[in-house]
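K.L.:
What follows is upload.csv, made up of CSV, C-alpha atoms and all ligand atoms:
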```csv
chain,number,residue,atom,x,y,z
L,18,MET,CA,107.6,300.3,-140.3
L,19,ARG,CA,111.2,299.3,-140.5
L,20,SER,CA,112.4,297.6,-143.6
L,21,GLU,CA,113.1,294.5,-141.7
L,22,CYS,CA,109.5,294.4,-140.6
L,23,LYS,CA,108.3,294.6,-144.2
L,24,HIS,CA,110.7,291.8,-145.0
L,25,LEU,CA,109.5,289.6,-142.1
L,26,GLU,CA,105.8,290.2,-142.7
L,27,PRO,CA,105.2,286.8,-144.5
L,28,LEU,CA,107.0,285.1,-141.6
L,29,VAL,CA,104.7,286.8,-139.1
L,30,HIS,CA,101.7,285.4,-141.1
L,31,ASP,CA,103.2,281.9,-141.2
L,32,TYR,CA,103.9,282.1,-137.5
L,33,ALA,CA,100.4,283.1,-136.7
L,34,GLU,CA,99.3,280.0,-138.6
L,35,GLY,CA,101.8,277.8,-136.8
L,36,TRP,CA,103.6,277.0,-140.0
L,37,LEU,CA,106.9,278.4,-139.1
L,38,VAL,CA,109.6,276.0,-137.9
L,39,GLY,CA,113.4,275.9,-137.2
L,40,ALA,CA,115.7,278.8,-138.0
L,41,GLU,CA,113.1,281.1,-139.5
L,42,ARG,CA,111.0,280.7,-136.4
L,43,GLU,CA,114.0,281.6,-134.1
L,44,ARG,CA,114.8,284.6,-136.3
L,45,LEU,CA,111.2,285.9,-136.1
L,46,LEU,CA,111.0,285.4,-132.4
L,47,ARG,CA,114.2,287.3,-131.8
L,48,HIS,CA,112.7,290.2,-133.9
L,49,LEU,CA,109.3,290.0,-132.2
L,50,VAL,CA,110.8,290.4,-128.7
L,51,ASP,CA,111.7,294.1,-129.4
L,52,CYS,CA,109.3,295.1,-132.2
L,53,PRO,CA,105.9,296.3,-130.9
L,54,ASP,CA,104.7,296.9,-134.5
L,55,CYS,CA,105.1,293.3,-135.5
L,56,GLN,CA,103.6,292.2,-132.2
L,57,GLU,CA,100.6,294.3,-133.0
L,58,LYS,CA,100.3,292.8,-136.4
L,59,LEU,CA,100.6,289.2,-135.0
L,60,LYS,CA,97.9,290.0,-132.5
L,61,ALA,CA,95.6,291.5,-135.1
L,62,TRP,CA,96.0,288.6,-137.6
L,63,SER,CA,95.5,286.1,-134.9
L,64,ALA,CA,92.3,287.9,-133.9
L,65,VAL,CA,91.0,287.8,-137.5
L,66,GLY,CA,91.7,284.1,-137.7
L,67,ARG,CA,89.9,283.5,-134.4
L,68,ALA,CA,86.9,285.7,-135.5
L,69,LEU,CA,86.6,283.6,-138.7
L,70,ARG,CA,86.7,280.4,-136.7
L,71,GLU,CA,84.1,281.6,-134.4
L,72,LEU,CA,81.6,282.8,-137.0
L,73,PRO,CA,78.3,281.2,-135.8
L,74,ARG,CA,77.0,278.2,-137.7
L,75,LEU,CA,73.6,278.9,-139.2
L,76,PRO,CA,70.6,276.5,-139.1
L,77,ALA,CA,69.8,275.3,-142.6
L,78,PRO,CA,66.2,276.0,-143.7
L,79,VAL,CA,64.1,272.9,-143.8
L,80,SER,CA,63.5,272.4,-147.5
L,81,GLU,CA,60.9,269.8,-148.5
L,82,SER,CA,62.1,269.7,-152.0
L,83,PHE,CA,65.3,267.9,-151.1
L,84,ALA,CA,64.9,264.2,-151.8
L,85,PRO,CA,67.8,262.3,-153.3
L,86,VAL,CA,65.7,259.7,-155.1
L,87,ASN,CA,64.6,258.2,-151.8
L,88,GLU,CA,61.0,257.8,-152.5
L,89,ASN,CA,59.8,254.3,-151.7
L,90,GLU,CA,60.6,252.5,-154.9
L,91,PRO,CA,57.8,250.3,-156.4
L,92,LYS,CA,58.2,246.6,-155.8
L,93,PHE,CA,60.0,244.6,-158.4
L,94,ALA,CA,56.8,243.0,-159.7
L,95,LEU,CA,55.1,246.3,-160.2
L,96,ARG,CA,58.2,247.7,-162.0
L,97,LEU,CA,58.3,244.6,-164.2
L,98,ALA,CA,54.7,245.0,-165.0
L,99,LEU,CA,55.3,248.7,-165.9
L,100,ALA,CA,58.3,247.7,-167.9
L,101,MET,CA,56.2,245.2,-169.9
L,102,CYS,CA,53.7,247.9,-170.8
L,103,LEU,CA,55.7,249.5,-173.6
L,104,PRO,CA,56.7,246.3,-175.5
L,105,VAL,CA,53.1,245.0,-175.2
L,106,ALA,CA,51.8,248.3,-176.5
L,107,LEU,CA,54.3,248.1,-179.4
L,108,MET,CA,53.3,244.6,-180.3
L,109,ILE,CA,49.6,245.5,-180.3
L,110,THR,CA,50.3,248.5,-182.4
L,111,ALA,CA,52.5,246.5,-184.8
L,112,TYR,CA,49.8,243.8,-185.2
L,113,SER,CA,46.9,246.2,-185.5
L,114,THR,CA,48.5,248.4,-188.1
L,115,GLN,CA,50.7,246.2,-190.3
L,116,TRP,CA,50.1,242.6,-189.7
L,117,GLN,CA,47.6,240.8,-191.9
L,118,SER,CA,47.2,237.2,-191.8
L,119,PRO,CA,48.9,235.7,-194.9
L,120,LYS,CA,46.8,234.2,-197.6
L,121,TRP,CA,48.3,230.7,-197.9
L,122,GLU,CA,48.0,230.4,-201.6
L,123,GLN,CA,50.1,233.7,-202.2
L,124,LEU,CA,53.0,232.8,-200.1
L,125,THR,CA,56.2,231.2,-200.7
L,126,PRO,CA,56.9,228.9,-197.8
L,127,TYR,CA,59.6,231.0,-196.0
L,128,GLU,CA,58.3,234.5,-196.4
L,129,PRO,CA,56.1,234.8,-193.2
L,130,LEU,CA,58.8,233.3,-191.1
L,131,LEU,CA,61.4,235.7,-192.4
L,132,ARG,CA,59.1,238.7,-191.7
L,133,LEU,CA,58.3,237.4,-188.3
L,134,ALA,CA,61.9,236.9,-187.5
L,135,GLU,CA,62.8,240.4,-188.6
L,136,ARG,CA,60.1,241.9,-186.3
L,137,ALA,CA,61.1,239.6,-183.5
L,138,GLN,CA,64.6,240.9,-183.6
L,139,ASP,CA,63.4,244.5,-183.2
L,140,TRP,CA,61.1,243.6,-180.4
L,141,VAL,CA,63.7,241.7,-178.5
L,142,LEU,CA,66.1,244.6,-178.8
L,143,THR,CA,63.5,247.2,-177.7
L,144,LEU,CA,62.4,244.9,-174.9
L,145,TRP,CA,66.0,244.4,-173.7
L,146,VAL,CA,66.9,248.1,-173.7
L,147,TRP,CA,63.6,249.0,-172.0
L,148,LEU,CA,63.9,246.4,-169.3
L,149,ARG,CA,67.5,247.5,-168.6
L,150,GLY,CA,66.4,251.1,-168.3
L,151,VAL,CA,63.5,250.5,-166.0
L,152,LEU,CA,65.0,247.8,-163.8
X,22,MET,CA,75.3,257.1,-134.0
X,23,PRO,CA,76.9,255.2,-136.8
X,24,GLU,CA,80.1,256.7,-138.3
X,25,ASP,CA,80.2,258.5,-141.6
X,26,ALA,CA,82.1,255.6,-143.2
X,27,THR,CA,79.4,253.1,-142.2
X,28,LEU,CA,76.6,255.4,-143.5
X,29,VAL,CA,78.5,255.9,-146.8
X,30,ALA,CA,78.9,252.1,-147.2
X,31,GLN,CA,75.2,251.5,-146.5
X,32,CYS,CA,74.3,254.2,-149.0
X,33,LEU,CA,76.5,252.6,-151.7
X,34,ARG,CA,74.7,249.4,-151.1
X,35,GLY,CA,71.4,251.2,-152.0
X,36,ASP,CA,70.1,252.2,-148.6
X,37,THR,CA,68.9,255.7,-149.2
X,38,ARG,CA,68.0,256.2,-145.5
X,39,ALA,CA,71.7,256.1,-144.8
X,40,PHE,CA,72.1,259.1,-147.1
X,41,ASP,CA,69.3,260.9,-145.3
X,42,ALA,CA,71.2,260.5,-142.1
X,43,LEU,CA,74.3,262.0,-143.7
X,44,VAL,CA,72.2,264.9,-144.9
X,45,GLU,CA,70.7,265.4,-141.5
X,46,ARG,CA,74.2,265.4,-139.9
X,47,TYR,CA,75.8,267.9,-142.3
X,48,ARG,CA,73.0,270.1,-143.5
X,49,ASP,CA,73.8,273.0,-141.1
X,50,ARG,CA,77.5,272.8,-141.9
X,51,VAL,CA,77.0,272.7,-145.6
X,52,PHE,CA,74.4,275.5,-145.5
X,53,SER,CA,76.6,277.7,-143.3
X,54,LEU,CA,79.6,277.4,-145.5
X,55,ALA,CA,77.5,278.1,-148.5
X,56,PHE,CA,76.0,281.1,-146.8
X,57,ARG,CA,79.4,282.5,-145.8
X,58,ILE,CA,80.7,282.1,-149.4
X,59,LEU,CA,77.6,283.4,-151.2
X,60,GLY,CA,76.4,285.9,-148.6
X,61,GLU,CA,72.7,285.1,-149.2
X,62,ALA,CA,70.3,282.6,-147.8
X,63,SER,CA,68.3,281.6,-150.9
X,64,ALA,CA,71.5,281.1,-152.9
X,65,ALA,CA,73.0,279.2,-150.0
X,66,GLU,CA,69.9,276.9,-149.9
X,67,ASP,CA,70.2,276.2,-153.6
X,68,ALA,CA,73.9,275.5,-153.2
X,69,MET,CA,73.1,273.1,-150.3
X,70,GLN,CA,70.6,271.2,-152.4
X,71,GLU,CA,73.0,271.0,-155.4
X,72,SER,CA,75.8,269.9,-153.1
X,73,PHE,CA,73.9,267.0,-151.6
X,74,LEU,CA,72.5,266.0,-154.9
X,75,ARG,CA,76.0,265.9,-156.3
X,76,ALA,CA,77.4,264.1,-153.3
X,77,TYR,CA,74.7,261.5,-153.8
X,78,THR,CA,75.4,260.9,-157.5
X,79,ARG,CA,79.2,261.0,-157.0
X,80,LEU,CA,79.3,258.9,-153.9
X,81,PRO,CA,80.9,256.0,-155.8
X,82,LEU,CA,83.8,258.3,-156.6
X,83,TYR,CA,84.4,259.2,-152.9
X,84,ASP,CA,87.7,257.9,-151.6
X,85,PRO,CA,87.1,256.6,-148.0
X,86,ALA,CA,90.8,257.5,-147.1
X,87,GLN,CA,89.6,261.1,-146.8
X,88,PRO,CA,87.1,262.1,-144.2
X,89,PHE,CA,83.6,262.4,-145.6
X,90,SER,CA,83.1,265.9,-144.2
X,91,THR,CA,86.2,267.1,-146.0
X,92,TRP,CA,85.0,265.7,-149.3
X,93,LEU,CA,81.5,267.1,-148.9
X,94,LEU,CA,82.6,270.6,-147.8
X,95,CYS,CA,85.1,270.8,-150.6
X,96,LEU,CA,82.4,269.8,-153.0
X,97,THR,CA,80.1,272.5,-151.5
X,98,ALA,CA,82.7,275.2,-152.0
X,99,ARG,CA,83.1,274.3,-155.6
X,100,VAL,CA,79.3,274.3,-156.1
X,101,CYS,CA,79.2,277.8,-154.5
X,102,LEU,CA,81.9,279.2,-156.7
X,103,ASN,CA,80.2,277.8,-159.8
X,104,ALA,CA,76.9,279.1,-158.6
X,105,ARG,CA,78.3,282.6,-158.3
X,106,ARG,CA,79.3,282.6,-161.9
X,107,ASP,CA,75.8,281.8,-163.1
X,108,ARG,CA,74.4,284.3,-160.6
X,109,ALA,CA,74.8,287.7,-162.1
X,110,THR,CA,72.1,287.3,-164.7
X,111,GLU,CA,69.8,285.5,-162.3
X,112,LEU,CA,70.0,288.3,-159.7
X,113,ARG,CA,67.9,290.8,-161.6
X,114,TYR,CA,65.2,288.2,-162.1
X,115,LEU,CA,65.3,287.3,-158.4
X,116,GLU,CA,65.0,290.9,-157.3
X,117,GLN,CA,61.8,291.2,-159.4
X,118,ALA,CA,60.5,288.0,-158.0
X,119,ALA,CA,61.2,289.2,-154.4
X,120,LYS,CA,59.4,292.4,-155.0
X,121,ALA,CA,56.3,290.5,-156.2
X,122,MET,CA,56.3,288.3,-153.0
X,123,PRO,CA,54.8,289.4,-149.7
X,124,PRO,CA,57.4,289.8,-147.0
X,125,VAL,CA,57.7,286.8,-144.7
X,126,ALA,CA,60.3,287.0,-142.1
X,127,THR,CA,60.6,283.8,-140.2
X,128,LEU,CA,63.0,283.6,-137.2
X,129,GLU,CA,65.6,282.0,-139.5
X,130,GLU,CA,65.3,284.6,-142.1
X,131,ARG,CA,65.8,287.4,-139.5
X,132,LEU,CA,68.9,285.5,-138.3
X,133,TYR,CA,70.3,285.3,-141.8
X,134,GLU,CA,69.6,289.0,-142.3
X,135,ARG,CA,71.4,289.9,-139.1
X,136,GLU,CA,74.4,287.8,-140.2
X,137,GLN,CA,74.5,289.6,-143.5
X,138,ARG,CA,74.6,292.9,-141.7
X,139,ARG,CA,77.3,291.8,-139.3
X,140,THR,CA,80.6,293.4,-139.9
X,141,LEU,CA,82.8,290.4,-140.5
X,142,GLN,CA,80.4,288.7,-143.0
X,143,ARG,CA,80.0,292.0,-144.8
X,144,LEU,CA,83.7,292.5,-145.1
X,145,LEU,CA,84.2,288.9,-146.2
X,146,MET,CA,81.9,289.7,-149.2
X,147,ARG,CA,84.4,292.3,-150.3
X,148,LEU,CA,87.1,289.7,-151.0
X,149,PRO,CA,87.3,288.0,-154.4
X,150,ALA,CA,85.1,284.9,-154.3
X,151,PRO,CA,87.9,282.2,-154.6
X,152,GLN,CA,89.9,284.0,-151.9
X,153,ARG,CA,86.8,284.2,-149.6
X,154,ALA,CA,86.1,280.5,-150.2
X,155,ALA,CA,89.7,279.6,-149.3
X,156,MET,CA,89.5,281.7,-146.1
X,157,LEU,CA,86.3,280.1,-145.0
X,158,MET,CA,87.4,276.6,-145.9
X,159,TYR,CA,90.6,277.0,-144.0
X,160,TYR,CA,89.5,279.0,-140.9
X,161,TYR,CA,85.8,278.4,-140.6
X,162,GLU,CA,85.8,274.7,-141.6
X,163,GLU,CA,89.4,274.0,-140.7
X,164,LEU,CA,90.1,272.0,-143.8
X,165,PRO,CA,93.7,271.1,-144.6
X,166,ILE,CA,95.5,273.5,-147.0
X,167,ALA,CA,96.1,270.6,-149.4
X,168,GLU,CA,92.4,269.8,-149.7
X,169,VAL,CA,91.5,273.5,-150.1
X,170,ALA,CA,94.1,273.7,-152.9
X,171,ARG,CA,92.7,270.6,-154.6
X,172,ALA,CA,89.1,271.7,-154.4
X,173,LEU,CA,89.8,275.2,-155.8
X,174,GLU,CA,92.3,273.8,-158.4
X,175,VAL,CA,95.2,276.1,-157.5
X,176,PRO,CA,98.6,275.3,-156.0
X,177,GLU,CA,99.0,275.2,-152.2
X,178,GLY,CA,101.3,278.2,-152.4
X,179,THR,CA,98.5,280.2,-154.0
X,180,ILE,CA,96.1,279.3,-151.1
X,181,LYS,CA,98.7,280.4,-148.6
X,182,THR,CA,99.1,283.7,-150.4
X,183,TRP,CA,95.3,284.1,-150.5
X,184,LEU,CA,95.0,283.5,-146.8
X,185,TYR,CA,97.8,286.0,-146.1
X,186,ARG,CA,96.2,288.7,-148.3
X,187,GLY,CA,92.7,287.9,-147.2
X,188,ARG,CA,93.6,288.2,-143.5
X,189,GLU,CA,95.5,291.4,-144.1
X,190,SER,CA,92.6,292.9,-146.0
X,191,LEU,CA,90.2,291.9,-143.2
X,192,ARG,CA,92.5,293.4,-140.6
X,193,ARG,CA,92.7,296.7,-142.4
X,194,TRP,CA,89.0,296.9,-143.1
X,195,LEU,CA,88.1,296.0,-139.5
X,196,GLU,CA,90.5,298.7,-138.2
X,197,GLU,CA,88.8,301.2,-140.5
X,198,GLU,CA,85.4,300.1,-139.4
X,199,LEU,CA,86.2,300.2,-135.7
X,200,ALA,CA,88.3,303.4,-135.8
D,301,ZN,ZN,108.9,294.4,-136.8
```
Once more with this new file: its structure as structure tokens, please.
Ligand SMILES: [Zn+2]

P.N.:
Amino acid sequence: MRSECKHLEPLVHDYAEGWLVGAERERLLRHLVDCPDCQEKLKAWSAVGRALRELPRLPAPVSESFAPVNENEPKFALRLALAMCLPVALMITAYSTQWQSPKWEQLTPYEPLLRLAERAQDWVLTLWVWLRGVL
Amino acid sequence: MPEDATLVAQCLRGDTRAFDALVERYRDRVFSLAFRILGEASAAEDAMQESFLRAYTRLPLYDPAQPFSTWLLCLTARVCLNARRDRATELRYLEQAAKAMPPVATLEERLYEREQRRTLQRLLMRLPAPQRAAMLMYYYEELPIAEVARALEVPEGTIKTWLYRGRESLRRWLEEELA
């Protein structure tokens, strides 16, 4: 291989890709005309590119596991009902374990209301987060 | 047939059937690219699933100025290159699992096996993975250099060098094989 050939090799590649323009293209074409080695290389590279383009496309296996969350989503009412289950369960648990009906004579007037309000805050917060998550 | 852009828009409005249509349209292309990069059908199938799943969750990030196919196939190539990294440890386990399973050769599987044995695919597997991915994205899928470079996170000049070297390697190897 002549030293000029080695030097021009990247241009042959670019030419095979159709990237070569202007003066460089002219220069390479002048060289190609009387250089069988570079002609061979150009042909071989073009053939490789063509072979890659013509690799057959393969049929994808039919996989049943692929489902991008496209199951029929439950209707809004059902989802709402499901969403309410947790807060209701929480309320039932809270009442059955901790809540005792106050004995009137032991209470200062505001205490039960305060306790109720504290619990209500938690419930509302939980309910809100849950609803947003589910809906 | 609705256009990709229409299907994407429908999908973004929550119509999952539109996404199914996109999957149906591109599954062979996505699978084929994955197979050519990974060289193995089961790994390619995993990569296909992962690619569609990612495409689905990242659809809001898709820029409609770009063809959907380009976006999807670039994403697929990235999934494949990442999958390769996790693969080495998994391979031993899979080999054992394969031994435990009875051989079932469907027509498709025999086709994939034949492809694996074919000279060009076999020689492609000798190239470094990112270089192979670049070659396949550019020649096989005819994606623009700029997109290939962006997907593989290297400069365009590097992609051009990879294509040049990859093609020269394949030429040399093919000549050796066919000599
Ligand atoms: Zn020459």

K.L.:
Skip stretch 103-112 of chain L itself and residues of its chain fewer than 6 positions away, then list as JSON, numbers by chain all residues within 10 Å of it, counting only C-alpha atoms.

P.N.:
{"L": [118, 136, 137, 140, 141, 143, 144, 145, 147, 148]}

K.L.:
Show me which residues line ligand ZN 301 (chain D), defined as having an atom within 6 Å of a ligand atom where all atoms listed in the file count, and present them as a list in words.

P.N.:
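Based on all atoms listed in the file, ligand ZN 301 (chain D) is surrounded within 6 Å by Cys22, Cys52, Asp54 and Cys55 of chain L.
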
K.L.:
Please check the contacts: residues of chain X at most 7 Å away from chain L, using only C-alpha atoms, listed as a VMD selection string.

P.N.:
chain X and resid 37 48 to 50 52 to 53 70 74 77 160 to 161 185 188 192

K.L.:
For X:Arg135, find every residue with an atom within 12 Å (counting all atoms listed in the file), except residues of its own chain fewer than 3 positions away, and show them as a list in words.

P.N.:
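Returned residues: Pro73 and Leu75 of chain L; Gly60, Glu61, Ala62, Ala126, Leu128, Glu129, Glu130, Arg131, Leu132, Arg138, Arg139, Thr140, Leu141, Gln142 and Arg143 of chain X.
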
K.L.:
Since we have the selection now, will you write its residues out, keeping C-alpha atoms, as a PDB file, in the frame of the given file?

P.N.:
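As a result, again-v3.pdb now contains:
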```pdb
ATOM      1  CA  PRO L  73      78.300 281.200-135.800  1.00  0.00           C
ATOM      2  CA  LEU L  75      73.600 278.900-139.200  1.00  0.00           C
TER       3      LEU L  75
ATOM      4  CA  GLY X  60      76.400 285.900-148.600  1.00  0.00           C
ATOM      5  CA  GLU X  61      72.700 285.100-149.200  1.00  0.00           C
ATOM      6  CA  ALA X  62      70.300 282.600-147.800  1.00  0.00           C
ATOM      7  CA  ALA X 126      60.300 287.000-142.100  1.00  0.00           C
ATOM      8  CA  LEU X 128      63.000 283.600-137.200  1.00  0.00           C
ATOM      9  CA  GLU X 129      65.600 282.000-139.500  1.00  0.00           C
ATOM     10  CA  GLU X 130      65.300 284.600-142.100  1.00  0.00           C
ATOM     11  CA  ARG X 131      65.800 287.400-139.500  1.00  0.00           C
ATOM     12  CA  LEU X 132      68.900 285.500-138.300  1.00  0.00           C
ATOM     13  CA  ARG X 138      74.600 292.900-141.700  1.00  0.00           C
ATOM     14  CA  ARG X 139      77.300 291.800-139.300  1.00  0.00           C
ATOM     15  CA  THR X 140      80.600 293.400-139.900  1.00  0.00           C
ATOM     16  CA  LEU X 141      82.800 290.400-140.500  1.00  0.00           C
ATOM     17  CA  GLN X 142      80.400 288.700-143.000  1.00  0.00           C
ATOM     18  CA  ARG X 143      80.000 292.000-144.800  1.00  0.00           C
TER      19      ARG X 143
END
```

K.L.:
Using all atoms listed in the file, determine which residues lie at most 12 Å from X:Ser190, disregarding the query and same-chain residues fewer than 3 positions distant; provide the list as a ChimeraX atom specification.

P.N.:
/L:61-62,65 /X:141,144-149,152-153,156,183-187,193-197

K.L.:
Tell me, as a list in words, which residues lie within 9 Å of X:Thr91, counting only C-alpha atoms; anything in the same chain fewer than 3 positions away does not count.

P.N.:
Gln87, Pro88, Leu94, Cys95, Leu96, Glu162, Leu164, Pro165 and Glu168 of chain X

K.L.:
What's the separation between atom CA of L:Leu95 and atom CA of L:Val146, in Å to one decimal place?

P.N.:
18.0 Å

K.L.:
Which residues are close to X:Arg75, i.e. within 10 Å by only C-alpha atoms, leaving aside same-chain residues fewer than 4 positions away? Reply as an MDAnalysis selection string.

P.N.:
(chainID L and resid 85) or (chainID X and resid 69:71 79:80 93 96:97 100)

K.L.:
How many Å lie between atom CA of X:Leu199 and atom CA of X:Ile58, rounded to one decimal?

P.N.:
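For atom CA of X:Leu199 relative to atom CA of X:Ile58, the distance reads 23.4 Å.
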
K.L.:
Please rebuild stretch 61-73 of chain L with N, CA and C atoms and give the result as an mmCIF file, in the coordinates of the input.

P.N.:
```cif
data_model
loop_
_atom_site.group_PDB
_atom_site.id
_atom_site.type_symbol
_atom_site.label_atom_id
_atom_site.label_comp_id
_atom_site.auth_asym_id
_atom_site.auth_seq_id
_atom_site.Cartn_x
_atom_site.Cartn_y
_atom_site.Cartn_z
ATOM 1 N N ALA L 61 96.763 291.182 -134.282
ATOM 2 C CA ALA L 61 95.600 291.500 -135.100
ATOM 3 C C ALA L 61 95.273 290.353 -136.065
ATOM 4 N N TRP L 62 96.293 289.752 -136.689
ATOM 5 C CA TRP L 62 96.000 288.600 -137.600
ATOM 6 C C TRP L 62 95.459 287.428 -136.863
ATOM 7 N N SER L 63 96.012 287.178 -135.684
ATOM 8 C CA SER L 63 95.500 286.100 -134.900
ATOM 9 C C SER L 63 94.007 286.309 -134.576
ATOM 10 N N ALA L 64 93.694 287.587 -134.278
ATOM 11 C CA ALA L 64 92.300 287.900 -133.900
ATOM 12 C C ALA L 64 91.386 287.692 -135.121
ATOM 13 N N VAL L 65 91.873 288.051 -136.325
ATOM 14 C CA VAL L 65 91.000 287.800 -137.500
ATOM 15 C C VAL L 65 90.775 286.347 -137.721
ATOM 16 N N GLY L 66 91.839 285.562 -137.593
ATOM 17 C CA GLY L 66 91.700 284.100 -137.700
ATOM 18 C C GLY L 66 90.690 283.552 -136.733
ATOM 19 N N ARG L 67 90.812 284.030 -135.494
ATOM 20 C CA ARG L 67 89.900 283.500 -134.400
ATOM 21 C C ARG L 67 88.476 283.943 -134.738
ATOM 22 N N ALA L 68 88.309 285.200 -135.186
ATOM 23 C CA ALA L 68 86.900 285.700 -135.500
ATOM 24 C C ALA L 68 86.316 284.829 -136.590
ATOM 25 N N LEU L 69 87.116 284.453 -137.592
ATOM 26 C CA LEU L 69 86.600 283.600 -138.700
ATOM 27 C C LEU L 69 86.201 282.239 -138.169
ATOM 28 N N ARG L 70 87.053 281.701 -137.285
ATOM 29 C CA ARG L 70 86.700 280.400 -136.700
ATOM 30 C C ARG L 70 85.479 280.394 -135.903
ATOM 31 N N GLU L 71 85.242 281.556 -135.277
ATOM 32 C CA GLU L 71 84.100 281.600 -134.400
ATOM 33 C C GLU L 71 82.819 282.171 -134.979
ATOM 34 N N LEU L 72 82.833 282.388 -136.290
ATOM 35 C CA LEU L 72 81.600 282.800 -137.000
ATOM 36 C C LEU L 72 80.522 281.736 -136.620
ATOM 37 N N PRO L 73 79.320 282.167 -136.215
ATOM 38 C CA PRO L 73 78.300 281.200 -135.800
ATOM 39 C C PRO L 73 77.885 280.293 -136.996
#
```
